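Q: Sharing work_37.pdb here; it has PDB, C-alpha atoms and all ligand atoms.
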ATOM      1  CA  MET A   1     -35.814 -26.743  18.455
ATOM      2  CA  ILE A   2     -39.008 -26.406  16.408
ATOM      3  CA  LEU A   3     -41.085 -29.531  15.759
ATOM      4  CA  VAL A   4     -43.655 -29.568  12.944
ATOM      5  CA  THR A   5     -46.398 -32.215  12.769
ATOM      6  CA  GLY A   6     -48.118 -33.478   9.616
ATOM      7  CA  VAL A   7     -45.067 -32.900   7.412
ATOM      8  CA  SER A   8     -46.198 -35.435   4.819
ATOM      9  CA  GLY A   9     -49.129 -33.085   4.176
ATOM     10  CA  GLY A  10     -49.353 -30.010   1.982
ATOM     11  CA  LEU A  11     -49.140 -27.425   4.765
ATOM     12  CA  GLY A  12     -46.769 -29.184   7.179
ATOM     13  CA  GLY A  13     -44.400 -30.061   4.312
ATOM     14  CA  LEU A  14     -44.155 -26.413   3.226
ATOM     15  CA  VAL A  15     -43.606 -25.271   6.823
ATOM     16  CA  LEU A  16     -40.844 -27.832   7.329
ATOM     17  CA  ASP A  17     -39.143 -26.805   4.061
ATOM     18  CA  GLY A  18     -39.338 -23.135   5.018
ATOM     19  CA  LEU A  19     -37.900 -23.714   8.495
ATOM     20  CA  SER A  20     -35.143 -25.995   7.161
ATOM     21  CA  ALA A  21     -33.890 -23.068   5.049
ATOM     22  CA  VAL A  22     -33.351 -20.831   8.113
ATOM     23  CA  GLU A  23     -29.729 -21.096   9.226
ATOM     24  CA  ASP A  24     -29.974 -20.571  12.992
ATOM     25  CA  ILE A  25     -33.038 -22.812  13.423
ATOM     26  CA  ASP A  26     -33.069 -26.500  14.411
ATOM     27  CA  VAL A  27     -36.157 -28.224  13.102
ATOM     28  CA  ALA A  28     -37.672 -31.705  13.112
ATOM     29  CA  GLY A  29     -40.774 -33.090  11.444
ATOM     30  CA  GLY A  30     -43.243 -35.798  12.369
ATOM     31  CA  THR A  31     -45.545 -38.113  10.440
ATOM     32  CA  ARG A  32     -47.630 -41.144  11.317
ATOM     33  CA  SER A  33     -45.220 -43.273   9.318
ATOM     34  CA  GLY A  34     -42.084 -41.667  10.830
ATOM     35  CA  ASP A  35     -38.829 -43.513  10.271
ATOM     36  CA  GLY A  36     -37.168 -42.394  13.522
ATOM     37  CA  VAL A  37     -34.243 -40.937  11.528
ATOM     38  CA  THR A  38     -35.310 -38.065   9.270
ATOM     39  CA  ARG A  39     -38.923 -38.103  10.468
ATOM     40  CA  ARG A  40     -40.180 -38.668  13.980
ATOM     41  CA  HIS A  41     -43.026 -41.116  14.483
ATOM     42  CA  ILE A  42     -45.938 -38.946  15.614
ATOM     43  CA  ASP A  43     -49.434 -40.365  15.494
ATOM     44  CA  PHE A  44     -52.037 -38.328  17.373
ATOM     45  CA  ASP A  45     -54.233 -41.444  17.521
ATOM     46  CA  ASP A  46     -51.482 -43.329  19.339
ATOM     47  CA  PRO A  47     -50.509 -41.210  22.375
ATOM     48  CA  SER A  48     -47.632 -43.611  23.148
ATOM     49  CA  THR A  49     -45.757 -42.079  20.158
ATOM     50  CA  LEU A  50     -46.101 -38.517  21.434
ATOM     51  CA  SER A  51     -43.798 -38.336  24.480
ATOM     52  CA  GLN A  52     -40.787 -39.447  22.447
ATOM     53  CA  GLY A  53     -42.036 -37.598  19.376
ATOM     54  CA  PHE A  54     -42.185 -34.266  21.231
ATOM     55  CA  GLU A  55     -38.837 -34.696  23.055
ATOM     56  CA  ASP A  56     -36.594 -31.580  23.080
ATOM     57  CA  ALA A  57     -39.126 -29.435  21.229
ATOM     58  CA  ASP A  58     -39.280 -25.821  22.450
ATOM     59  CA  VAL A  59     -41.825 -24.822  19.828
ATOM     60  CA  LEU A  60     -44.476 -27.138  18.410
ATOM     61  CA  VAL A  61     -46.139 -26.262  15.111
ATOM     62  CA  PHE A  62     -49.298 -28.299  15.678
ATOM     63  CA  VAL A  63     -50.930 -28.869  12.285
ATOM     64  CA  SER A  64     -54.550 -29.881  12.829
ATOM     65  CA  ALA A  65     -55.483 -33.408  11.787
ATOM     66  CA  GLY A  66     -59.105 -32.868  10.907
ATOM     67  CA  TYR A  67     -59.958 -35.712   8.559
ATOM     68  CA  ALA A  68     -62.255 -37.764  10.802
ATOM     69  CA  GLU A  69     -65.476 -37.552  12.820
ATOM     70  CA  ASP A  70     -65.435 -34.811  15.485
ATOM     71  CA  ASP A  71     -65.107 -37.197  18.445
ATOM     72  CA  VAL A  72     -61.967 -38.671  16.898
ATOM     73  CA  VAL A  73     -60.467 -35.243  16.156
ATOM     74  CA  LEU A  74     -61.168 -33.991  19.695
ATOM     75  CA  THR A  75     -59.552 -37.080  21.217
ATOM     76  CA  ARG A  76     -56.443 -36.806  19.057
ATOM     77  CA  HIS A  77     -56.035 -33.057  19.604
ATOM     78  CA  ASP A  78     -56.525 -33.525  23.354
ATOM     79  CA  ALA A  79     -53.722 -36.115  23.309
ATOM     80  CA  VAL A  80     -51.427 -33.603  21.558
ATOM     81  CA  VAL A  81     -52.043 -30.882  24.181
ATOM     82  CA  GLU A  82     -51.576 -33.356  27.029
ATOM     83  CA  ALA A  83     -48.330 -34.724  25.596
ATOM     84  CA  ALA A  84     -46.925 -31.280  24.692
ATOM     85  CA  ALA A  85     -47.429 -30.155  28.296
ATOM     86  CA  ALA A  86     -45.849 -33.335  29.663
ATOM     87  CA  ALA A  87     -42.855 -33.010  27.297
ATOM     88  CA  GLY A  88     -42.152 -29.435  28.426
ATOM     89  CA  VAL A  89     -42.956 -27.764  25.090
ATOM     90  CA  ARG A  90     -42.807 -24.027  25.752
ATOM     91  CA  HIS A  91     -44.881 -22.619  22.888
ATOM     92  CA  VAL A  92     -47.504 -24.199  20.631
ATOM     93  CA  ILE A  93     -48.507 -22.687  17.279
ATOM     94  CA  TYR A  94     -51.818 -24.227  16.197
ATOM     95  CA  THR A  95     -53.228 -24.087  12.655
ATOM     96  CA  SER A  96     -56.930 -23.354  13.161
ATOM     97  CA  LEU A  97     -59.781 -22.058  11.001
ATOM     98  CA  ALA A  98     -60.494 -18.418  10.118
ATOM     99  CA  ARG A  99     -63.414 -16.456  11.562
ATOM    100  CA  SER A 100     -65.440 -16.398   8.316
ATOM    101  CA  GLY A 101     -65.722 -20.194   8.667
ATOM    102  CA  GLU A 102     -67.084 -19.922  12.221
ATOM    103  CA  LEU A 103     -70.456 -21.462  11.336
ATOM    104  CA  MET A 104     -69.101 -24.323   9.255
ATOM    105  CA  THR A 105     -69.187 -27.768  10.843
ATOM    106  CA  ILE A 106     -65.375 -28.013  10.636
ATOM    107  CA  ALA A 107     -65.128 -25.037  13.003
ATOM    108  CA  LEU A 108     -66.229 -27.001  16.053
ATOM    109  CA  PRO A 109     -63.084 -29.111  16.609
ATOM    110  CA  HIS A 110     -60.903 -26.079  15.850
ATOM    111  CA  ARG A 111     -62.608 -23.853  18.402
ATOM    112  CA  TRP A 112     -62.609 -26.710  20.935
ATOM    113  CA  THR A 113     -58.864 -27.148  20.394
ATOM    114  CA  GLU A 114     -58.240 -23.410  20.782
ATOM    115  CA  ALA A 115     -60.046 -23.505  24.150
ATOM    116  CA  ARG A 116     -58.128 -26.624  25.232
ATOM    117  CA  LEU A 117     -54.827 -24.937  24.313
ATOM    118  CA  ALA A 118     -55.780 -21.772  26.215
ATOM    119  CA  ALA A 119     -56.000 -23.843  29.411
ATOM    120  CA  ALA A 120     -52.579 -25.472  28.889
ATOM    121  CA  PRO A 121     -49.381 -24.478  30.744
ATOM    122  CA  PHE A 122     -47.449 -23.205  27.680
ATOM    123  CA  ASP A 123     -47.719 -20.123  25.478
ATOM    124  CA  VAL A 124     -49.945 -20.390  22.441
ATOM    125  CA  THR A 125     -50.322 -18.679  19.060
ATOM    126  CA  ILE A 126     -53.384 -19.453  16.969
ATOM    127  CA  LEU A 127     -53.056 -19.190  13.195
ATOM    128  CA  ARG A 128     -56.632 -19.096  11.974
ATOM    129  CA  ASN A 129     -56.122 -20.248   8.402
ATOM    130  CA  GLY A 130     -58.517 -19.208   5.660
ATOM    131  CA  LEU A 131     -59.953 -21.725   3.229
ATOM    132  CA  TYR A 132     -57.457 -22.988   0.670
ATOM    133  CA  ALA A 133     -57.858 -21.739  -2.910
ATOM    134  CA  GLU A 134     -57.549 -25.353  -4.005
ATOM    135  CA  LEU A 135     -60.875 -26.172  -2.326
ATOM    136  CA  LEU A 136     -62.700 -23.900  -4.767
ATOM    137  CA  ALA A 137     -60.449 -24.986  -7.630
ATOM    138  CA  GLY A 138     -61.613 -28.522  -6.784
ATOM    139  CA  ILE A 139     -65.274 -27.474  -7.012
ATOM    140  CA  ALA A 140     -64.577 -25.895 -10.398
ATOM    141  CA  ALA A 141     -62.611 -28.946 -11.544
ATOM    142  CA  SER A 142     -65.540 -31.229 -10.668
ATOM    143  CA  GLY A 143     -67.598 -29.271 -13.204
ATOM    144  CA  THR A 144     -65.071 -29.408 -16.045
ATOM    145  CA  GLU A 145     -66.608 -32.251 -18.003
ATOM    146  CA  SER A 146     -70.120 -30.869 -18.032
ATOM    147  CA  ALA A 147     -68.905 -27.294 -18.649
ATOM    148  CA  ALA A 148     -66.930 -28.548 -21.660
ATOM    149  CA  ALA A 149     -69.985 -30.356 -23.023
ATOM    150  CA  THR A 150     -72.742 -27.834 -22.203
ATOM    151  CA  GLY A 151     -71.098 -24.485 -21.425
ATOM    152  CA  VAL A 152     -72.747 -24.569 -17.984
ATOM    153  CA  PHE A 153     -70.954 -24.734 -14.647
ATOM    154  CA  ALA A 154     -73.461 -25.861 -12.031
ATOM    155  CA  ALA A 155     -72.665 -25.568  -8.310
ATOM    156  CA  ALA A 156     -74.507 -24.958  -5.038
ATOM    157  CA  LEU A 157     -72.706 -21.746  -4.115
ATOM    158  CA  GLY A 158     -75.748 -19.525  -4.634
ATOM    159  CA  SER A 159     -74.597 -15.962  -5.103
ATOM    160  CA  GLY A 160     -72.102 -16.294  -2.260
ATOM    161  CA  ARG A 161     -68.415 -15.592  -2.505
ATOM    162  CA  VAL A 162     -65.693 -17.423  -0.621
ATOM    163  CA  SER A 163     -62.481 -15.768   0.609
ATOM    164  CA  VAL A 164     -59.652 -18.140  -0.195
ATOM    165  CA  VAL A 165     -55.921 -18.109   0.373
ATOM    166  CA  ALA A 166     -52.802 -19.778  -1.024
ATOM    167  CA  ARG A 167     -51.577 -22.559   1.242
ATOM    168  CA  GLU A 168     -48.026 -21.306   0.540
ATOM    169  CA  ASP A 169     -48.916 -17.972   2.163
ATOM    170  CA  LEU A 170     -50.236 -19.758   5.250
ATOM    171  CA  ALA A 171     -47.004 -21.752   5.417
ATOM    172  CA  ASP A 172     -44.910 -18.575   5.082
ATOM    173  CA  VAL A 173     -46.746 -17.028   8.041
ATOM    174  CA  ALA A 174     -46.307 -20.188  10.135
ATOM    175  CA  VAL A 175     -42.569 -20.202   9.351
ATOM    176  CA  ARG A 176     -42.159 -16.536  10.263
ATOM    177  CA  VAL A 177     -44.060 -16.861  13.545
ATOM    178  CA  ALA A 178     -42.238 -20.081  14.536
ATOM    179  CA  VAL A 179     -38.806 -18.597  13.802
ATOM    180  CA  GLU A 180     -39.558 -15.420  15.765
ATOM    181  CA  VAL A 181     -40.936 -17.398  18.709
ATOM    182  CA  GLN A 182     -37.892 -19.720  18.770
ATOM    183  CA  ARG A 183     -35.472 -16.766  18.621
ATOM    184  CA  ASP A 184     -37.374 -15.046  21.451
ATOM    185  CA  LEU A 185     -37.203 -18.204  23.578
ATOM    186  CA  THR A 186     -33.467 -18.598  22.884
ATOM    187  CA  ALA A 187     -32.856 -14.955  23.853
ATOM    188  CA  GLY A 188     -35.020 -15.273  26.983
ATOM    189  CA  ARG A 189     -37.508 -12.700  25.675
ATOM    190  CA  HIS A 190     -41.292 -12.805  25.967
ATOM    191  CA  SER A 191     -42.598 -13.407  22.444
ATOM    192  CA  ARG A 192     -44.923 -10.834  20.920
ATOM    193  CA  HIS A 193     -46.784 -13.775  19.332
ATOM    194  CA  ALA A 194     -47.676 -15.355  22.698
ATOM    195  CA  GLY A 195     -51.428 -15.256  23.310
ATOM    196  CA  LYS A 196     -52.157 -13.930  19.813
ATOM    197  CA  THR A 197     -54.796 -15.156  17.376
ATOM    198  CA  TYR A 198     -54.147 -14.200  13.756
ATOM    199  CA  GLU A 199     -56.930 -14.213  11.172
ATOM    200  CA  LEU A 200     -55.277 -15.410   7.952
ATOM    201  CA  GLU A 201     -58.242 -14.917   5.662
ATOM    202  CA  GLY A 202     -57.807 -14.704   1.913
ATOM    203  CA  LEU A 203     -58.042 -11.182   0.483
ATOM    204  CA  ASP A 204     -59.904 -12.234  -2.670
ATOM    205  CA  ALA A 205     -63.439 -13.666  -2.568
ATOM    206  CA  ILE A 206     -64.432 -16.050  -5.344
ATOM    207  CA  GLY A 207     -67.996 -16.857  -6.451
ATOM    208  CA  GLY A 208     -69.663 -19.190  -8.952
ATOM    209  CA  ASP A 209     -69.302 -16.624 -11.762
ATOM    210  CA  ASP A 210     -65.558 -16.425 -11.125
ATOM    211  CA  LEU A 211     -65.231 -20.206 -11.238
ATOM    212  CA  ALA A 212     -67.162 -20.292 -14.524
ATOM    213  CA  GLU A 213     -64.775 -17.657 -15.905
ATOM    214  CA  LEU A 214     -61.747 -19.702 -14.828
ATOM    215  CA  LEU A 215     -63.262 -22.777 -16.473
ATOM    216  CA  ALA A 216     -63.964 -20.803 -19.636
ATOM    217  CA  THR A 217     -60.302 -19.784 -19.837
ATOM    218  CA  ALA A 218     -59.105 -23.337 -19.161
ATOM    219  CA  LEU A 219     -61.485 -24.832 -21.727
ATOM    220  CA  GLY A 220     -61.285 -22.078 -24.324
ATOM    221  CA  ARG A 221     -65.074 -21.769 -24.594
ATOM    222  CA  LEU A 222     -67.899 -19.724 -23.094
ATOM    223  CA  VAL A 223     -69.044 -21.050 -19.706
ATOM    224  CA  GLY A 224     -71.846 -19.639 -17.559
ATOM    225  CA  TYR A 225     -72.556 -20.254 -13.869
ATOM    226  CA  GLN A 226     -75.833 -21.870 -12.855
ATOM    227  CA  PRO A 227     -76.622 -22.138  -9.129
ATOM    228  CA  VAL A 228     -78.176 -25.475  -8.117
ATOM    229  CA  SER A 229     -80.004 -26.401  -4.923
ATOM    230  CA  LEU A 230     -78.433 -27.810  -1.803
ATOM    231  CA  LEU A 231     -80.927 -30.687  -1.921
ATOM    232  CA  ASP A 232     -79.810 -31.770  -5.404
ATOM    233  CA  THR A 233     -76.192 -31.442  -4.334
ATOM    234  CA  ARG A 234     -76.805 -33.477  -1.172
ATOM    235  CA  LYS A 235     -78.305 -36.261  -3.295
ATOM    236  CA  ALA A 236     -75.417 -36.163  -5.782
ATOM    237  CA  LEU A 237     -72.744 -36.132  -3.065
ATOM    238  CA  ALA A 238     -74.431 -38.989  -1.179
ATOM    239  CA  ASP A 239     -73.644 -41.243  -4.150
ATOM    240  CA  SER A 240     -70.135 -39.922  -4.708
ATOM    241  CA  GLY A 241     -68.236 -42.200  -2.328
ATOM    242  CA  LEU A 242     -67.389 -39.482   0.210
ATOM    243  CA  GLU A 243     -66.923 -40.531   3.837
ATOM    244  CA  PRO A 244     -70.026 -39.589   5.905
ATOM    245  CA  TYR A 245     -68.162 -36.805   7.779
ATOM    246  CA  GLN A 246     -66.887 -35.420   4.451
ATOM    247  CA  LEU A 247     -70.462 -35.168   3.194
ATOM    248  CA  THR A 248     -71.420 -33.194   6.312
ATOM    249  CA  HIS A 249     -68.503 -30.806   5.911
ATOM    250  CA  ALA A 250     -68.932 -30.358   2.136
ATOM    251  CA  LEU A 251     -72.618 -29.457   2.509
ATOM    252  CA  SER A 252     -71.854 -27.161   5.401
ATOM    253  CA  LEU A 253     -69.308 -25.287   3.271
ATOM    254  CA  LEU A 254     -71.850 -24.871   0.487
ATOM    255  CA  SER A 255     -74.610 -23.795   2.936
ATOM    256  CA  ASN A 256     -72.301 -21.179   4.409
ATOM    257  CA  ALA A 257     -71.315 -19.963   0.946
ATOM    258  CA  ASN A 258     -74.996 -19.699  -0.029
ATOM    259  CA  ALA A 259     -75.676 -17.643   3.081
ATOM    260  CA  GLY A 260     -72.802 -15.301   2.206
ATOM    261  CA  MET A 261     -70.941 -16.199   5.416
ATOM    262  CA  LEU A 262     -67.596 -17.103   3.831
ATOM    263  CA  GLU A 263     -66.612 -13.665   2.639
ATOM    264  CA  ALA A 264     -64.040 -12.256   5.044
ATOM    265  CA  HIS A 265     -64.043  -8.661   6.229
ATOM    266  CA  HIS A 266     -60.760  -8.568   8.101
ATOM    267  CA  SER A 267     -57.432 -10.317   7.623
ATOM    268  CA  ASP A 268     -54.038 -10.192   9.333
ATOM    269  CA  LEU A 269     -52.452 -12.006   6.374
ATOM    270  CA  ALA A 270     -50.780  -9.107   4.548
ATOM    271  CA  GLY A 271     -49.237  -7.776   7.761
ATOM    272  CA  LEU A 272     -47.502 -11.088   8.433
ATOM    273  CA  LEU A 273     -46.164 -11.741   4.933
ATOM    274  CA  PRO A 274     -42.956 -10.200   3.569
ATOM    275  CA  THR A 275     -44.582  -9.565   0.176
ATOM    276  CA  ALA A 276     -48.135  -9.281  -1.176
ATOM    277  CA  PRO A 277     -50.273 -12.427  -0.804
ATOM    278  CA  ARG A 278     -50.131 -14.758  -3.816
ATOM    279  CA  PRO A 279     -52.950 -14.052  -6.312
ATOM    280  CA  VAL A 280     -55.393 -16.907  -5.762
ATOM    281  CA  ARG A 281     -57.019 -16.632  -9.198
ATOM    282  CA  ASP A 282     -53.660 -17.411 -10.833
ATOM    283  CA  LEU A 283     -53.214 -20.439  -8.563
ATOM    284  CA  MET A 284     -56.677 -21.697  -9.401
ATOM    285  CA  ALA A 285     -56.186 -21.117 -13.129
ATOM    286  CA  ARG A 286     -52.945 -23.135 -13.004
ATOM    287  CA  ALA A 287     -54.655 -25.920 -11.032
ATOM    288  CA  LEU A 288     -57.461 -26.124 -13.618
ATOM    289  CA  LYS A 289     -55.046 -26.069 -16.532
ATOM    290  CA  SER A 290     -52.921 -28.887 -15.133
ATOM    291  CA  GLN A 291     -55.768 -31.318 -14.448
TER     292      GLN A 291
HETATM  293  N1  LIG B 301     -57.945 -24.257   5.554
HETATM  294  C1  LIG B 301     -58.394 -25.178   4.716
HETATM  295  O1  LIG B 301     -58.965 -24.892   3.651
HETATM  296  C2  LIG B 301     -58.201 -26.630   5.019
HETATM  297  C3  LIG B 301     -58.582 -27.564   4.068
HETATM  298  C4  LIG B 301     -58.370 -28.906   4.345
HETATM  299  C5  LIG B 301     -57.824 -29.270   5.570
HETATM  300  N2  LIG B 301     -57.475 -28.352   6.470
HETATM  301  C6  LIG B 301     -56.884 -28.720   7.784
HETATM  302  O2  LIG B 301     -55.524 -28.320   7.768
HETATM  303  C7  LIG B 301     -54.675 -29.452   8.002
HETATM  304  C8  LIG B 301     -53.425 -29.319   7.186
HETATM  305  O3  LIG B 301     -53.781 -29.198   5.832
HETATM  306  P1  LIG B 301     -52.967 -29.934   4.709
HETATM  307  O4  LIG B 301     -53.315 -29.246   3.489
HETATM  308  O5  LIG B 301     -51.539 -30.082   5.088
HETATM  309  O6  LIG B 301     -53.659 -31.385   4.753
HETATM  310  P2  LIG B 301     -53.071 -32.739   4.105
HETATM  311  O7  LIG B 301     -52.153 -32.438   2.988
HETATM  312  O8  LIG B 301     -54.219 -33.629   3.855
HETATM  313  O9  LIG B 301     -52.202 -33.336   5.297
HETATM  314  C9  LIG B 301     -52.818 -33.767   6.482
HETATM  315  C10 LIG B 301     -51.724 -34.126   7.454
HETATM  316  O10 LIG B 301     -52.359 -34.534   8.667
HETATM  317  C11 LIG B 301     -51.577 -35.602   9.187
HETATM  318  N3  LIG B 301     -52.378 -36.473  10.032
HETATM  319  C12 LIG B 301     -53.564 -37.038   9.744
HETATM  320  N4  LIG B 301     -53.970 -37.802  10.768
HETATM  321  C13 LIG B 301     -53.008 -37.708  11.710
HETATM  322  C14 LIG B 301     -52.841 -38.273  12.985
HETATM  323  N5  LIG B 301     -53.729 -39.103  13.509
HETATM  324  N6  LIG B 301     -51.716 -37.975  13.685
HETATM  325  C15 LIG B 301     -50.772 -37.161  13.175
HETATM  326  N7  LIG B 301     -50.885 -36.580  11.964
HETATM  327  C16 LIG B 301     -51.986 -36.865  11.239
HETATM  328  C17 LIG B 301     -51.108 -36.357   7.955
HETATM  329  O11 LIG B 301     -49.868 -36.971   8.281
HETATM  330  P3  LIG B 301     -49.501 -38.499   7.969
HETATM  331  O12 LIG B 301     -50.483 -39.008   6.962
HETATM  332  O13 LIG B 301     -48.102 -38.533   7.548
HETATM  333  O14 LIG B 301     -49.608 -39.133   9.268
HETATM  334  C18 LIG B 301     -50.842 -35.273   6.943
HETATM  335  O15 LIG B 301     -49.509 -34.859   6.994
HETATM  336  C19 LIG B 301     -55.538 -30.665   7.660
HETATM  337  O16 LIG B 301     -55.108 -31.800   8.384
HETATM  338  C20 LIG B 301     -56.913 -30.197   8.052
HETATM  339  O17 LIG B 301     -57.123 -30.385   9.456
HETATM  340  C21 LIG B 301     -57.628 -27.035   6.220
END
Write out the structure in this file as structure tokens.
Ligand SMILES: NC(=O)c1ccc[n+]([C@@H]2O[C@H](COP(=O)([O-])OP(=O)(O)OC[C@H]3O[C@@H](n4cnc5c(N)ncnc54)[C@H](OP(=O)(O)O)[C@@H]3O)[C@@H](O)[C@H]2O)c1
A:
Amino acid sequence: MILVTGVSGGLGGLVLDGLSAVEDIDVAGGTRSGDGVTRRHIDFDDPSTLSQGFEDADVLVFVSAGYAEDDVVLTRHDAVVEAAAAAGVRHVIYTSLARSGELMTIALPHRWTEARLAAAPFDVTILRNGLYAELLAGIAASGTESAAATGVFAAALGSGRVSVVAREDLADVAVRVAVEVQRDLTAGRHSRHAGKTYELEGLDAIGGDDLAELLATALGRLVGYQPVSLLDTRKALADSGLEPYQLTHALSLLSNANAGMLEAHHSDLAGLLPTAPRPVRDLMARALKSQ
């Protein structure tokens, strides 16, 4: 049986839907508010939920739960690894962060978790997910009002470009890998995915000019990109009601974009998808149109 965590979320929900559509696969999902019937109660912050939550799982699709300070994330991910080993899970598929994001602050708990998993007594596959297209669509969306009024889209991306990916593509890869691993386990075969790390970087890199163009299409007017400083952005974000850790991560993303670090040079994505990756510009255009 395959168990997916975080199924109330965007990624886990898509993975659960995809696995539920595969005839020979038994699947269960977990959330913090599990009902014990259709959803197991799985709260990484409450290790007492994990032994029962992980019962009978051969394969665990461990969706990272990164929305907290690093010490909290490390503690919760450590509890997952500990409990998966104790429950006899045979293979863990962990959703990590792609190599281009290596220097972002969010990379630390992901790389720590990868190392923790490598020392565990089960097989592991690491899916290093690229940044979601919706993250950049969100940056563009935050500039809609001023772009509509002034024709200027201001953001602290410098001249950097960010490789982004459709979350649906990441879910499709997770489903494929989980199904193949489960079938291998059932047939008593060693899985070709065991011990593998896949870089699921987006194949299209988007910069400030591209976001301005998307805004121009959505608004039906000319919009130009104007880079702004990280200092001004730090000041603006400090007053925006973000949690302190979110401020750290948001600025780190922008710093990395400025430095040109978020443009990927290698991706395993296309090789793991049945069809071409979804065009991220179309996704972003739809997201901007529907806001
Ligand atoms: N690659 C990227 O661009 C990117 C961007 C944002 C986040 N991420 C990471 O990727 C993960 C999945 O993304 P997503 O889009 O599905 O995020 P999402 O829609 O925000 O969902 C997050 C999921 O994490 C679960 N969760 C949070 N705290 C938990 C805990 N203590 N124990 C168990 N589950 C917990 C939530 O489940 P419940 O609320 O039901 O408990 C929810 O289902 C995120 O959690 C984050 O670590 C990646």
Q: Could you produce a table of the residues of chain A lying within 6 Å of ligand LIG 301 (chain B), with the nearest pair of atoms per residue and their separation in Å rounded to one decimal, using all atoms listed in the file, ordered by chain and increasing residue number, as CSV?
A:
residue,atom,partner,partner_atom,distance
A:Gly6,CA,B:LIG301,O15,3.3
A:Val7,CA,B:LIG301,O15,4.9
A:Ser8,CA,B:LIG301,O15,4.0
A:Gly9,CA,B:LIG301,O9,3.3
A:Gly10,CA,B:LIG301,O5,3.8
A:Leu11,CA,B:LIG301,O5,3.6
A:Gly12,CA,B:LIG301,O5,5.3
A:Thr31,CA,B:LIG301,O13,3.9
A:Arg32,CA,B:LIG301,O14,3.5
A:Ser33,CA,B:LIG301,O13,5.8
A:Ile42,CA,B:LIG301,C15,5.7
A:Asp43,CA,B:LIG301,N6,3.8
A:Phe44,CA,B:LIG301,N6,3.7
A:Asp45,CA,B:LIG301,N5,4.7
A:Val63,CA,B:LIG301,C8,5.7
A:Ser64,CA,B:LIG301,O17,4.3
A:Ala65,CA,B:LIG301,O16,3.8
A:Gly66,CA,B:LIG301,O17,3.5
A:Asn129,CA,B:LIG301,N1,5.2
A:Gly130,CA,B:LIG301,N1,5.1
A:Leu131,CA,B:LIG301,O1,3.3
A:Tyr132,CA,B:LIG301,O1,3.8
Q: Work out how far apart CA of Val92 in chain A and CA of Asp71 in chain A are and give it in Å to one decimal.
A: 22.0 Å
Q: Go through the shown structure with the PyMOL selection byres (((chain A and resi 101) around 12) and not hetatm) and write out the matching residues as a ChimeraX atom specification.
A: /A:96-100,102-108,110-111,128-132,162-164,199-202,249,252-257,259-265
Q: In Å to one decimal, how far is CA of Gln226 in chain A from CA of Gly151 in chain A?
A: 10.1 Å
Q: Specify as JSON, numbers by chain each residue included when the PyMOL selection byres (((chain A and resi 230) around 8) and not hetatm) is applied to this file.
A: {"A": [156, 228, 229, 231, 232, 233, 234, 251, 254, 255]}
Q: So what does the PyMOL selection byres (((chain A and resi 40) around 7) and not hetatm) actually pick up in this one, as a PDB file with C-alpha atoms, keeping the file's coordinate frame?
A:
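After the write, result.pdb holds the following:
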ATOM      1  CA  GLY A  29     -40.774 -33.090  11.444  1.00  0.00           C
ATOM      2  CA  GLY A  30     -43.243 -35.798  12.369  1.00  0.00           C
ATOM      3  CA  THR A  31     -45.545 -38.113  10.440  1.00  0.00           C
ATOM      4  CA  GLY A  34     -42.084 -41.667  10.830  1.00  0.00           C
ATOM      5  CA  ASP A  35     -38.829 -43.513  10.271  1.00  0.00           C
ATOM      6  CA  GLY A  36     -37.168 -42.394  13.522  1.00  0.00           C
ATOM      7  CA  VAL A  37     -34.243 -40.937  11.528  1.00  0.00           C
ATOM      8  CA  THR A  38     -35.310 -38.065   9.270  1.00  0.00           C
ATOM      9  CA  ARG A  39     -38.923 -38.103  10.468  1.00  0.00           C
ATOM     10  CA  HIS A  41     -43.026 -41.116  14.483  1.00  0.00           C
ATOM     11  CA  ILE A  42     -45.938 -38.946  15.614  1.00  0.00           C
ATOM     12  CA  GLY A  53     -42.036 -37.598  19.376  1.00  0.00           C
TER      13      GLY A  53
END
Q: If you count all atoms listed in the file, which residues fall within 8 Å of Phe62 in chain A, apart from same-chain ones fewer than 4 positions away, as a list in words?
A: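 Result of the neighbour search: Val4, Thr5, Val92, Ile93, Tyr94 and Thr95 of chain A.
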Q: Quick one: everything within 12 Å of Ala276 in chain A, counting all atoms listed in the file, minus sequence neighbours fewer than 2 positions away in the same chain. Send it as a VMD selection string.
A: chain A and resid 165 to 166 169 172 202 to 203 269 to 274 278 to 280
Q: Please list, as an MDAnalysis selection string, the residues that have an atom at most 12 Å away from (-59.7, -35.0, 20.2) in the coordinates of this file, counting all atoms listed in the file.
A: chainID A and resid 44:47 64:82 108:114 116:117
Q: From the list A:Gly195, A:Val59, A:Ala137, A:Leu215, which residue is nearest Ala119 in chain A when using all atoms listed in the file?
A: A:Gly195
